[in-house]
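Below is entry.txt, which holds compact mmCIF, C-alpha atoms and all ligand atoms.
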# COMPACT_ATOMS: atom_id res chain seq x y z
CA MET A 961 -7.43 -28.17 0.59
CA ARG A 962 -9.71 -25.15 0.53
CA PRO A 963 -9.19 -23.68 -2.95
CA ILE A 964 -8.67 -20.04 -1.96
CA GLN A 965 -5.29 -18.50 -2.77
CA ALA A 966 -3.44 -15.25 -3.40
CA THR A 967 -0.50 -15.13 -5.78
CA VAL A 968 1.94 -12.24 -5.96
CA SER A 969 3.42 -11.56 -9.39
CA GLN A 970 7.12 -10.72 -9.28
CA GLN A 971 6.97 -9.67 -12.90
CA ALA A 972 4.14 -7.19 -12.21
CA LEU A 973 6.07 -5.71 -9.26
CA ALA A 974 9.15 -5.23 -11.43
CA HIS A 975 7.00 -3.73 -14.20
CA ASN A 976 5.33 -1.26 -11.83
CA LEU A 977 8.70 -0.27 -10.37
CA ASN A 978 9.86 0.44 -13.91
CA VAL A 979 6.84 2.67 -14.44
CA VAL A 980 7.98 4.68 -11.40
CA LYS A 981 11.52 4.88 -12.76
CA GLN A 982 10.33 6.02 -16.17
CA LEU A 983 8.14 8.72 -14.64
CA ALA A 984 10.83 9.88 -12.21
CA PRO A 985 14.11 9.01 -13.95
CA LYS A 986 16.25 11.29 -11.78
CA SER A 987 14.81 10.20 -8.44
CA LYS A 988 15.80 7.35 -6.20
CA VAL A 989 12.92 5.05 -5.33
CA MET A 990 11.96 4.30 -1.75
CA ALA A 991 9.50 1.43 -2.18
CA VAL A 992 6.91 1.60 0.59
CA VAL A 993 6.41 -1.94 1.88
CA LYS A 994 4.62 -1.19 5.16
CA ALA A 995 1.66 -3.27 6.32
CA ASN A 996 3.29 -6.50 5.22
CA GLY A 997 3.91 -5.13 1.74
CA TYR A 998 0.34 -3.78 1.47
CA GLY A 999 -0.87 -7.28 2.32
CA HIS A 1000 1.27 -9.06 -0.30
CA GLY A 1001 3.89 -10.42 2.11
CA LEU A 1002 7.01 -8.41 3.00
CA PHE A 1003 9.44 -10.82 1.35
CA ASN A 1004 7.30 -11.50 -1.71
CA VAL A 1005 7.39 -7.80 -2.50
CA ALA A 1006 10.94 -7.04 -1.38
CA HIS A 1007 12.25 -9.66 -3.81
CA GLY A 1008 10.07 -8.38 -6.65
CA LEU A 1009 11.17 -4.81 -5.90
CA ASN A 1010 14.83 -5.62 -5.37
CA ALA A 1011 15.80 -2.95 -7.91
CA ALA A 1012 14.44 -0.22 -5.62
CA ASP A 1013 16.94 2.04 -3.84
CA GLY A 1014 15.21 1.73 -0.50
CA PHE A 1015 12.37 0.20 1.48
CA ALA A 1016 10.08 2.04 3.88
CA VAL A 1017 8.46 0.17 6.77
CA LEU A 1018 6.93 1.03 10.13
CA GLY A 1019 8.33 -1.49 12.56
CA LEU A 1020 11.94 -2.02 13.50
CA ASN A 1021 11.21 -5.76 13.34
CA GLU A 1022 10.37 -5.47 9.63
CA ALA A 1023 13.55 -3.49 9.02
CA ILE A 1024 15.61 -6.11 10.83
CA ASP A 1025 13.90 -8.93 8.92
CA LEU A 1026 14.86 -7.25 5.63
CA ARG A 1027 18.48 -6.72 6.73
CA GLU A 1028 18.80 -10.29 7.98
CA ALA A 1029 17.44 -11.56 4.67
CA GLY A 1030 20.33 -9.75 2.99
CA PHE A 1031 18.70 -6.60 1.60
CA THR A 1032 21.35 -3.88 1.50
CA GLN A 1033 19.18 -0.98 0.31
CA THR A 1034 18.34 2.03 2.45
CA ILE A 1035 15.65 1.07 4.95
CA LEU A 1036 13.51 3.77 6.55
CA LEU A 1037 11.24 3.69 9.59
CA LEU A 1038 8.34 5.88 8.43
CA GLU A 1039 7.19 6.82 11.93
CA GLY A 1040 10.69 6.85 13.38
CA VAL A 1041 11.35 5.12 16.70
CA PHE A 1042 8.87 4.76 19.52
CA ASP A 1043 11.43 4.76 22.32
CA ALA A 1044 15.10 5.71 22.72
CA ARG A 1045 16.23 2.09 23.02
CA GLU A 1046 15.24 1.48 19.42
CA LEU A 1047 17.74 4.09 18.20
CA ASN A 1048 20.75 1.92 18.92
CA ILE A 1049 19.12 -1.10 17.32
CA ALA A 1050 18.32 0.99 14.23
CA ALA A 1051 21.93 2.20 14.16
CA SER A 1052 23.33 -1.31 14.40
CA TYR A 1053 21.26 -2.40 11.38
CA TYR A 1054 21.95 0.77 9.36
CA VAL A 1055 18.29 1.67 9.40
CA ASP A 1056 17.24 5.30 8.74
CA VAL A 1057 14.68 6.95 10.96
CA VAL A 1058 12.08 9.64 10.46
CA VAL A 1059 12.15 12.39 13.06
CA HIS A 1060 8.75 14.04 13.16
CA CYS A 1061 8.43 15.61 16.62
CA GLN A 1062 10.34 17.25 19.47
CA GLN A 1063 10.25 14.07 21.57
CA GLN A 1064 12.08 12.10 18.89
CA LEU A 1065 14.56 14.94 18.51
CA LYS A 1066 15.24 14.88 22.23
CA MET A 1067 15.78 11.11 22.21
CA LEU A 1068 18.44 11.54 19.53
CA LEU A 1069 20.18 14.29 21.48
CA GLN A 1070 20.27 12.31 24.71
CA VAL A 1071 21.20 8.85 23.53
CA SER A 1072 24.70 7.51 23.06
CA LEU A 1073 24.85 5.62 19.77
CA ILE A 1074 27.30 3.03 18.48
CA ALA A 1075 27.09 4.71 15.06
CA PRO A 1076 25.36 7.85 13.81
CA LEU A 1077 21.98 7.55 12.05
CA HIS A 1078 20.67 9.00 8.82
CA VAL A 1079 17.55 10.98 9.65
CA HIS A 1080 14.54 11.96 7.52
CA LEU A 1081 13.26 15.18 9.00
CA LYS A 1082 9.55 15.52 8.42
CA MET A 1083 7.67 18.75 7.88
CA ASN A 1084 3.93 19.09 8.44
CA THR A 1085 2.65 20.86 5.32
CA GLY A 1086 -1.05 20.58 6.06
CA MET A 1087 -1.75 16.91 6.65
CA ASN A 1088 -1.59 17.67 10.38
CA ARG A 1089 -0.59 14.12 11.19
CA LEU A 1090 3.19 13.87 11.66
CA GLY A 1091 5.88 16.49 11.22
CA PHE A 1092 7.31 19.72 12.52
CA PRO A 1093 5.34 22.88 11.76
CA PRO A 1094 7.10 24.88 9.02
CA ASN A 1095 8.04 27.55 11.55
CA ASP A 1096 9.89 25.06 13.77
CA TYR A 1097 11.53 23.15 10.94
CA MET A 1098 14.80 25.07 10.61
CA LEU A 1099 15.47 24.94 14.32
CA ALA A 1100 15.01 21.16 14.25
CA TYR A 1101 17.25 20.99 11.19
CA ASP A 1102 20.02 23.01 12.85
CA THR A 1103 19.76 20.91 15.99
CA LEU A 1104 20.10 17.67 14.01
CA THR A 1105 22.97 19.08 11.96
CA ALA A 1106 24.88 19.76 15.16
CA CYS A 1107 24.03 16.38 16.71
CA VAL A 1108 26.84 13.80 16.83
CA ASN A 1109 24.29 11.00 16.48
CA VAL A 1110 23.23 12.19 13.03
CA SER A 1111 25.24 11.29 9.93
CA GLY A 1112 22.96 12.95 7.40
CA ILE A 1113 19.53 14.48 6.89
CA THR A 1114 16.93 13.93 4.18
CA LEU A 1115 14.14 16.52 4.08
CA MET A 1116 10.65 15.10 3.76
CA THR A 1117 6.95 15.83 3.86
CA HIS A 1118 3.75 13.95 2.96
CA PHE A 1119 0.80 15.40 1.06
CA ALA A 1120 -2.81 15.26 2.18
CA THR A 1121 -4.31 15.92 -1.25
CA ALA A 1122 -2.05 14.50 -3.97
CA ASP A 1123 -4.99 12.35 -5.13
CA GLU A 1124 -7.52 15.20 -5.02
CA GLU A 1125 -8.56 17.94 -7.39
CA ILE A 1126 -6.88 20.60 -5.23
CA GLY A 1127 -3.47 18.96 -5.69
CA ILE A 1128 -0.17 19.79 -3.98
CA ASP A 1129 0.74 23.34 -5.04
CA MET A 1130 0.34 24.88 -1.61
CA PRO A 1131 2.10 22.25 0.50
CA LEU A 1132 4.89 21.81 -2.07
CA ASP A 1133 5.50 25.57 -2.19
CA MET A 1134 5.53 25.70 1.60
CA PHE A 1135 8.08 22.87 1.74
CA GLN A 1136 10.27 24.34 -0.98
CA ALA A 1137 10.23 27.84 0.47
CA ILE A 1138 11.67 26.62 3.75
CA THR A 1139 14.13 24.05 2.39
CA GLN A 1140 15.22 26.06 -0.66
CA SER A 1141 18.71 26.94 0.53
CA LEU A 1142 19.48 23.53 2.05
CA PRO A 1143 21.77 21.13 0.16
CA ASN A 1144 20.10 17.97 1.53
CA PRO A 1145 18.16 15.40 -0.49
CA LYS A 1146 14.38 15.85 -0.56
CA SER A 1147 11.58 13.29 -0.49
CA VAL A 1148 7.92 14.25 -0.85
CA ALA A 1149 6.02 12.21 -3.47
CA ASN A 1150 3.67 9.27 -2.80
CA SER A 1151 2.05 7.36 -5.69
CA ALA A 1152 -0.57 9.96 -6.54
CA SER A 1153 2.04 12.69 -6.51
CA ILE A 1154 4.43 10.62 -8.67
CA LEU A 1155 1.68 9.96 -11.21
CA ARG A 1156 0.26 13.48 -11.30
CA TYR A 1157 2.98 16.00 -10.41
CA SER A 1158 6.43 15.65 -11.94
CA GLU A 1159 7.56 18.78 -10.09
CA SER A 1160 7.26 16.77 -6.85
CA HIS A 1161 9.70 14.01 -7.82
CA LEU A 1162 12.87 15.60 -6.37
CA ASP A 1163 15.67 13.34 -5.03
CA TRP A 1164 13.58 10.47 -3.70
CA VAL A 1165 10.07 9.28 -4.50
CA ARG A 1166 8.05 7.09 -2.13
CA PRO A 1167 5.62 4.96 -4.13
CA GLY A 1168 3.36 2.52 -2.32
CA ILE A 1169 0.04 1.55 -3.84
CA MET A 1170 1.10 1.99 -7.49
CA LEU A 1171 3.80 -0.66 -7.05
CA TYR A 1172 1.03 -3.12 -6.23
CA GLY A 1173 -0.96 -2.26 -9.32
CA ALA A 1174 -3.83 -0.46 -7.63
CA SER A 1175 -4.82 3.12 -8.29
CA PRO A 1176 -4.24 5.94 -5.80
CA VAL A 1177 -6.72 8.13 -7.65
CA THR A 1178 -10.43 7.38 -7.38
CA ALA A 1179 -12.09 6.71 -10.73
CA THR A 1180 -8.78 6.47 -12.60
CA SER A 1181 -7.94 2.91 -13.59
CA VAL A 1182 -4.55 1.29 -13.20
CA ALA A 1183 -4.59 0.53 -16.92
CA TYR A 1184 -4.63 4.28 -17.56
CA PHE A 1185 -1.40 4.54 -15.57
CA ASN A 1186 0.07 1.45 -17.30
CA LEU A 1187 0.29 -0.43 -13.99
CA LYS A 1188 -0.25 -4.18 -13.61
CA PRO A 1189 -2.17 -5.82 -10.75
CA VAL A 1190 0.26 -7.70 -8.54
CA MET A 1191 -2.15 -9.79 -6.50
CA GLN A 1192 -4.40 -12.45 -8.03
CA PHE A 1193 -6.95 -13.33 -5.36
CA THR A 1194 -8.67 -16.51 -6.50
CA SER A 1195 -10.86 -19.36 -5.31
CA GLN A 1196 -13.36 -21.81 -6.76
CA LEU A 1197 -17.06 -22.60 -6.75
CA ILE A 1198 -17.80 -25.21 -4.10
CA ALA A 1199 -21.55 -25.48 -4.74
CA VAL A 1200 -24.17 -24.46 -7.28
CA GLN A 1201 -27.81 -23.61 -6.52
CA THR A 1202 -30.71 -23.03 -8.84
CA LEU A 1203 -33.31 -20.44 -7.86
CA THR A 1204 -36.83 -20.01 -9.12
CA ALA A 1205 -38.33 -16.53 -9.31
CA GLY A 1206 -39.04 -15.30 -5.78
CA GLU A 1207 -36.35 -17.37 -4.03
CA SER A 1208 -33.56 -15.65 -2.10
CA VAL A 1209 -29.94 -16.34 -1.18
CA GLY A 1210 -27.98 -15.98 2.01
CA TYR A 1211 -28.33 -14.26 5.36
CA GLY A 1212 -31.09 -11.70 5.49
CA GLN A 1213 -32.36 -12.68 2.02
CA ARG A 1214 -30.67 -9.63 0.64
CA PHE A 1215 -31.05 -10.82 -2.94
CA THR A 1216 -34.23 -12.30 -4.37
CA ALA A 1217 -34.36 -13.72 -7.90
CA SER A 1218 -36.93 -12.21 -10.25
CA LYS A 1219 -36.37 -15.02 -12.78
CA PRO A 1220 -34.88 -18.52 -12.71
CA MET A 1221 -31.15 -18.27 -11.94
CA ARG A 1222 -28.03 -20.32 -11.32
CA ILE A 1223 -25.99 -19.22 -8.33
CA GLY A 1224 -22.37 -20.12 -7.64
CA ILE A 1225 -21.15 -20.46 -4.06
CA VAL A 1226 -17.55 -19.23 -3.76
CA ALA A 1227 -15.10 -20.39 -1.09
CA CYS A 1228 -14.26 -16.87 0.08
CA GLY A 1229 -15.83 -14.71 2.76
CA TYR A 1230 -15.11 -11.79 4.99
CA ALA A 1231 -12.86 -13.92 7.19
CA ASP A 1232 -10.60 -14.16 4.12
CA GLY A 1233 -10.52 -10.39 3.76
CA TYR A 1234 -13.29 -9.98 1.20
CA PRO A 1235 -15.30 -6.88 2.17
CA ARG A 1236 -18.56 -7.71 3.92
CA HIS A 1237 -19.92 -4.41 2.63
CA ALA A 1238 -19.70 -5.54 -1.00
CA PRO A 1239 -23.26 -5.03 -2.30
CA ASN A 1240 -25.25 -7.02 -4.86
CA GLY A 1241 -23.57 -6.35 -8.20
CA THR A 1242 -19.94 -6.22 -7.09
CA PRO A 1243 -17.78 -7.45 -9.98
CA ILE A 1244 -16.31 -10.97 -9.80
CA ALA A 1245 -15.10 -13.39 -12.49
CA VAL A 1246 -16.05 -17.04 -12.89
CA SER A 1247 -14.27 -19.20 -15.48
CA GLY A 1248 -12.64 -16.01 -16.74
CA LYS A 1249 -15.98 -14.30 -17.35
CA LEU A 1250 -17.11 -11.16 -15.55
CA THR A 1251 -20.23 -11.45 -13.47
CA GLN A 1252 -21.48 -10.09 -10.14
CA THR A 1253 -21.87 -11.03 -6.51
CA LEU A 1254 -25.32 -11.43 -5.00
CA GLY A 1255 -26.56 -11.52 -1.42
CA ARG A 1256 -24.69 -10.82 1.75
CA VAL A 1257 -21.05 -11.90 2.01
CA SER A 1258 -20.76 -14.46 4.80
CA MET A 1259 -17.73 -15.38 6.88
CA ASP A 1260 -16.44 -18.13 4.61
CA MET A 1261 -18.52 -17.92 1.43
CA LEU A 1262 -20.17 -15.55 -0.98
CA PHE A 1263 -22.65 -15.86 -3.84
CA CYS A 1264 -22.40 -14.97 -7.50
CA ASP A 1265 -24.60 -15.06 -10.57
CA ILE A 1266 -23.62 -17.81 -13.02
CA THR A 1267 -26.88 -17.88 -14.95
CA ASP A 1268 -25.13 -16.88 -18.18
CA ILE A 1269 -21.90 -18.79 -17.57
CA LEU A 1270 -23.09 -22.17 -18.75
CA GLU A 1271 -19.79 -23.98 -18.20
CA ALA A 1272 -19.58 -22.84 -14.57
CA ASN A 1273 -19.86 -25.66 -12.04
CA ILE A 1274 -18.34 -26.95 -8.84
CA GLY A 1275 -14.57 -26.48 -9.17
CA SER A 1276 -14.78 -23.61 -11.64
CA PRO A 1277 -12.10 -20.95 -11.05
CA VAL A 1278 -13.18 -17.68 -9.47
CA GLU A 1279 -11.25 -14.42 -9.42
CA LEU A 1280 -12.13 -12.14 -6.50
CA TRP A 1281 -9.69 -9.55 -7.82
CA GLY A 1282 -6.67 -9.52 -10.09
CA ASN A 1283 -6.24 -9.11 -13.84
CA THR A 1284 -9.90 -9.52 -14.79
CA VAL A 1285 -11.52 -7.79 -11.81
CA ALA A 1286 -9.69 -4.66 -10.66
CA VAL A 1287 -9.30 -4.52 -6.88
CA ASP A 1288 -10.29 -0.87 -7.24
CA ALA A 1289 -13.64 -1.89 -8.76
CA VAL A 1290 -14.40 -4.18 -5.82
CA ALA A 1291 -13.29 -1.40 -3.47
CA GLU A 1292 -15.41 1.23 -5.14
CA ALA A 1293 -18.51 -0.96 -5.01
CA SER A 1294 -17.82 -1.57 -1.32
CA GLY A 1295 -17.27 2.06 -0.41
CA THR A 1296 -13.55 1.80 0.24
CA VAL A 1297 -10.19 1.92 -1.55
CA GLY A 1298 -7.94 -0.77 -2.98
CA TYR A 1299 -5.40 -0.06 -0.23
CA GLU A 1300 -7.77 -1.32 2.47
CA LEU A 1301 -8.76 -4.49 0.62
CA LEU A 1302 -5.17 -5.46 -0.19
CA CYS A 1303 -3.96 -4.85 3.37
CA ALA A 1304 -6.88 -6.79 4.80
CA ILE A 1305 -6.19 -10.11 3.08
CA ALA A 1306 -6.46 -12.54 5.96
CA PRO A 1307 -3.53 -14.61 7.23
CA ARG A 1308 -5.55 -17.78 6.55
CA VAL A 1309 -5.35 -17.15 2.79
CA PRO A 1310 -2.33 -19.06 1.45
CA MET A 1311 -0.10 -16.61 -0.37
CA LYS A 1312 2.74 -17.37 -2.72
CA ALA A 1313 5.04 -15.55 -5.06
CA ALA A 1314 4.67 -16.30 -8.76
CA ASP A 1315 6.51 -15.20 -11.91
C1 LIG A 1401 2.22 5.04 2.95
C2 LIG A 1401 3.12 6.18 2.64
C3 LIG A 1401 3.55 6.42 1.32
C4 LIG A 1401 3.03 5.64 0.13
O1 LIG A 1401 1.74 6.11 -0.19
P1 LIG A 1401 0.96 5.53 -1.48
O2 LIG A 1401 -0.26 6.38 -1.57
O3 LIG A 1401 0.63 4.11 -1.17
O4 LIG A 1401 1.88 5.67 -2.63
C5 LIG A 1401 4.49 7.42 1.11
N1 LIG A 1401 4.95 8.16 2.14
C6 LIG A 1401 4.53 7.99 3.41
C7 LIG A 1401 5.06 8.86 4.49
C8 LIG A 1401 3.59 6.99 3.71
O5 LIG A 1401 3.17 6.84 4.95

Let me see whether you can do it: turn the structure in this file into structure tokens.
Amino acid sequence: MRPIQATVSQQALAHNLNVVKQLAPKSKVMAVVKANGYGHGLFNVAHGLNAADGFAVLGLNEAIDLREAGFTQTILLLEGVFDARELNIAASYYVDVVVHCQQQLKMLLQVSLIAPLHVHLKMNTGMNRLGFPPNDYMLAYDTLTACVNVSGITLMTHFATADEEIGIDMPLDMFQAITQSLPNPKSVANSASILRYSESHLDWVRPGIMLYGASPVTATSVAYFNLKPVMQFTSQLIAVQTLTAGESVGYGQRFTASKPMRIGIVACGYADGYPRHAPNGTPIAVSGKLTQTLGRVSMDMLFCDITDILEANIGSPVELWGNTVAVDAVAEASGTVGYELLCAIAPRVPMKAAD
């Protein structure tokens, strides 16, 4: 069998969830498990995060899968429903919905539900993606309060700059000013906001990336936040080449040796989800030792320098990212973020839960 594999550490998930709980001891935790658990497998992560108070997903199908697997926590549809028919299905599975626009509000007013829904009413505080403008928020709130299809309302917003220098003062103040007198629970903080702004924790927090042991803040390592990488993305060397000075490797000869070198060929390429944009010098580990990639990443293979790793040979273990190589380091070298790499792990990579 092709030696590539991803393992998902249940222990690291539980550890990272505990970091959230220690930082925000008074808040309930809505674990964000959208995008197939940030690429880790919905059930792999739901089991590891079973101590969370809720799960946030995008699709009703994911919500139903979680319910049918026996998860009894709050489940939230982060974009709400996409048509009125979904409201009754959500109600029958006790799934909460975001309401972020007039159209969704109207659907709720017009539908006849078998049971009322809990709604998360979203305010747009500057992201300009989803949510009611602050000026329209109270009218939407009053409408939902009077609606027989609504059993309760959580007040929410999402920050555009929790991971940036500018921070969340303005959007948080805007949100608080309008919701100040309301008795409802509030939910505003993503990972960056949880890690950086305790004043944003409120009744619920919504961590995503930090649960997976990747950093939401550029240039700040997960170790700094005491988070553990959840995914170990590994493979093996399937060939070894020796280069003399002047010889090149791979498509386009993007790396040329200036001295004699040993090159390891790794069974992992962009069709496995490794970023094709990773340049020469992207960190990778062979036999537990840090080294670097060389040449252009191809569909099924990539190259690395094993000149100084004398024991490396065909069959030697390779870590693409995990405990030795931070996914954030691979992402930074490739001009992206850990989020994108984790979500992009290809379905052809066998994935399994591990302790
Ligand atoms: C994805 C998402 C989160 C989690 O964000 P992270 O940066 O991964 O912590 C929280 N809230 C909403 C509304 C989201 O869409």

Neighbours of Met1116 in chain A within 6 Å (only C-alpha atoms; same-chain residues fewer than 4 positions away dropped), as a list in words?
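In the requested format, the answer is Leu1081, Lys1082, Lys1146, Ser1147 and Val1148 of chain A.
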
Spatial neighbours of range 1003-1018 of chain A, 10 Å, all atoms listed in the file, chain gap at least 4 places, as a PyMOL selection string:
chain A and resi 967-978+980-981+987-999+1022-1023+1025-1026+1029+1031-1041+1055-1057+1164-1168+1171-1172+1190+1311-1315

With C-alpha atoms retained, export the selected residues as a PDB file, in the frame of the given file.
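The result, stored in out.pdb:
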ATOM      1  CA  THR A 967      -0.500 -15.130  -5.780  1.00  0.00           C
ATOM      2  CA  VAL A 968       1.940 -12.240  -5.960  1.00  0.00           C
ATOM      3  CA  SER A 969       3.420 -11.560  -9.390  1.00  0.00           C
ATOM      4  CA  GLN A 970       7.120 -10.720  -9.280  1.00  0.00           C
ATOM      5  CA  GLN A 971       6.970  -9.670 -12.900  1.00  0.00           C
ATOM      6  CA  ALA A 972       4.140  -7.190 -12.210  1.00  0.00           C
ATOM      7  CA  LEU A 973       6.070  -5.710  -9.260  1.00  0.00           C
ATOM      8  CA  ALA A 974       9.150  -5.230 -11.430  1.00  0.00           C
ATOM      9  CA  HIS A 975       7.000  -3.730 -14.200  1.00  0.00           C
ATOM     10  CA  ASN A 976       5.330  -1.260 -11.830  1.00  0.00           C
ATOM     11  CA  LEU A 977       8.700  -0.270 -10.370  1.00  0.00           C
ATOM     12  CA  ASN A 978       9.860   0.440 -13.910  1.00  0.00           C
ATOM     13  CA  VAL A 980       7.980   4.680 -11.400  1.00  0.00           C
ATOM     14  CA  LYS A 981      11.520   4.880 -12.760  1.00  0.00           C
ATOM     15  CA  SER A 987      14.810  10.200  -8.440  1.00  0.00           C
ATOM     16  CA  LYS A 988      15.800   7.350  -6.200  1.00  0.00           C
ATOM     17  CA  VAL A 989      12.920   5.050  -5.330  1.00  0.00           C
ATOM     18  CA  MET A 990      11.960   4.300  -1.750  1.00  0.00           C
ATOM     19  CA  ALA A 991       9.500   1.430  -2.180  1.00  0.00           C
ATOM     20  CA  VAL A 992       6.910   1.600   0.590  1.00  0.00           C
ATOM     21  CA  VAL A 993       6.410  -1.940   1.880  1.00  0.00           C
ATOM     22  CA  LYS A 994       4.620  -1.190   5.160  1.00  0.00           C
ATOM     23  CA  ALA A 995       1.660  -3.270   6.320  1.00  0.00           C
ATOM     24  CA  ASN A 996       3.290  -6.500   5.220  1.00  0.00           C
ATOM     25  CA  GLY A 997       3.910  -5.130   1.740  1.00  0.00           C
ATOM     26  CA  TYR A 998       0.340  -3.780   1.470  1.00  0.00           C
ATOM     27  CA  GLY A 999      -0.870  -7.280   2.320  1.00  0.00           C
ATOM     28  CA  GLU A1022      10.370  -5.470   9.630  1.00  0.00           C
ATOM     29  CA  ALA A1023      13.550  -3.490   9.020  1.00  0.00           C
ATOM     30  CA  ASP A1025      13.900  -8.930   8.920  1.00  0.00           C
ATOM     31  CA  LEU A1026      14.860  -7.250   5.630  1.00  0.00           C
ATOM     32  CA  ALA A1029      17.440 -11.560   4.670  1.00  0.00           C
ATOM     33  CA  PHE A1031      18.700  -6.600   1.600  1.00  0.00           C
ATOM     34  CA  THR A1032      21.350  -3.880   1.500  1.00  0.00           C
ATOM     35  CA  GLN A1033      19.180  -0.980   0.310  1.00  0.00           C
ATOM     36  CA  THR A1034      18.340   2.030   2.450  1.00  0.00           C
ATOM     37  CA  ILE A1035      15.650   1.070   4.950  1.00  0.00           C
ATOM     38  CA  LEU A1036      13.510   3.770   6.550  1.00  0.00           C
ATOM     39  CA  LEU A1037      11.240   3.690   9.590  1.00  0.00           C
ATOM     40  CA  LEU A1038       8.340   5.880   8.430  1.00  0.00           C
ATOM     41  CA  GLU A1039       7.190   6.820  11.930  1.00  0.00           C
ATOM     42  CA  GLY A1040      10.690   6.850  13.380  1.00  0.00           C
ATOM     43  CA  VAL A1041      11.350   5.120  16.700  1.00  0.00           C
ATOM     44  CA  VAL A1055      18.290   1.670   9.400  1.00  0.00           C
ATOM     45  CA  ASP A1056      17.240   5.300   8.740  1.00  0.00           C
ATOM     46  CA  VAL A1057      14.680   6.950  10.960  1.00  0.00           C
ATOM     47  CA  TRP A1164      13.580  10.470  -3.700  1.00  0.00           C
ATOM     48  CA  VAL A1165      10.070   9.280  -4.500  1.00  0.00           C
ATOM     49  CA  ARG A1166       8.050   7.090  -2.130  1.00  0.00           C
ATOM     50  CA  PRO A1167       5.620   4.960  -4.130  1.00  0.00           C
ATOM     51  CA  GLY A1168       3.360   2.520  -2.320  1.00  0.00           C
ATOM     52  CA  LEU A1171       3.800  -0.660  -7.050  1.00  0.00           C
ATOM     53  CA  TYR A1172       1.030  -3.120  -6.230  1.00  0.00           C
ATOM     54  CA  VAL A1190       0.260  -7.700  -8.540  1.00  0.00           C
ATOM     55  CA  MET A1311      -0.100 -16.610  -0.370  1.00  0.00           C
ATOM     56  CA  LYS A1312       2.740 -17.370  -2.720  1.00  0.00           C
ATOM     57  CA  ALA A1313       5.040 -15.550  -5.060  1.00  0.00           C
ATOM     58  CA  ALA A1314       4.670 -16.300  -8.760  1.00  0.00           C
ATOM     59  CA  ASP A1315       6.510 -15.200 -11.910  1.00  0.00           C
TER      60      ASP A1315
END

Box along x, y and z, 6 Å on every side, all listed atoms of range 1275-1280 of chain A inside: centre and edge lengths in Å to one decimal, as AutoDock Vina command-line options.
--center_x -13.0 --center_y -19.3 --center_z -9.1 --size_x 15.5 --size_y 26.3 --size_z 17.1

Among the residues A:Arg1027, A:Arg1089, A:Lys1066, A:Arg962, the one that comes closest to ligand LIG 1401 (chain A) [using all atoms listed in the file]:
A:Arg1089

Provide the CA of Leu1142 in chain A to CA of Tyr1097 in chain A distance in Å, to one decimal place.
11.9 Å

State, in Å with one decimal place, the distance from CA of Tyr1211 in chain A to CA of Arg1256 in chain A.
6.2 Å

Counting all atoms listed in the file, closest pick from A:Ser1160, A:Ser1175, A:Asn1283, A:Gln1064 relative to ligand LIG 1401 (chain A) is A:Ser1175

What is the CA of Gln1070 in chain A to CA of Ala1051 in chain A distance in Å?
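About the pair CA of Gln1070 in chain A and CA of Ala1051 in chain A: they are 14.7 Å apart.
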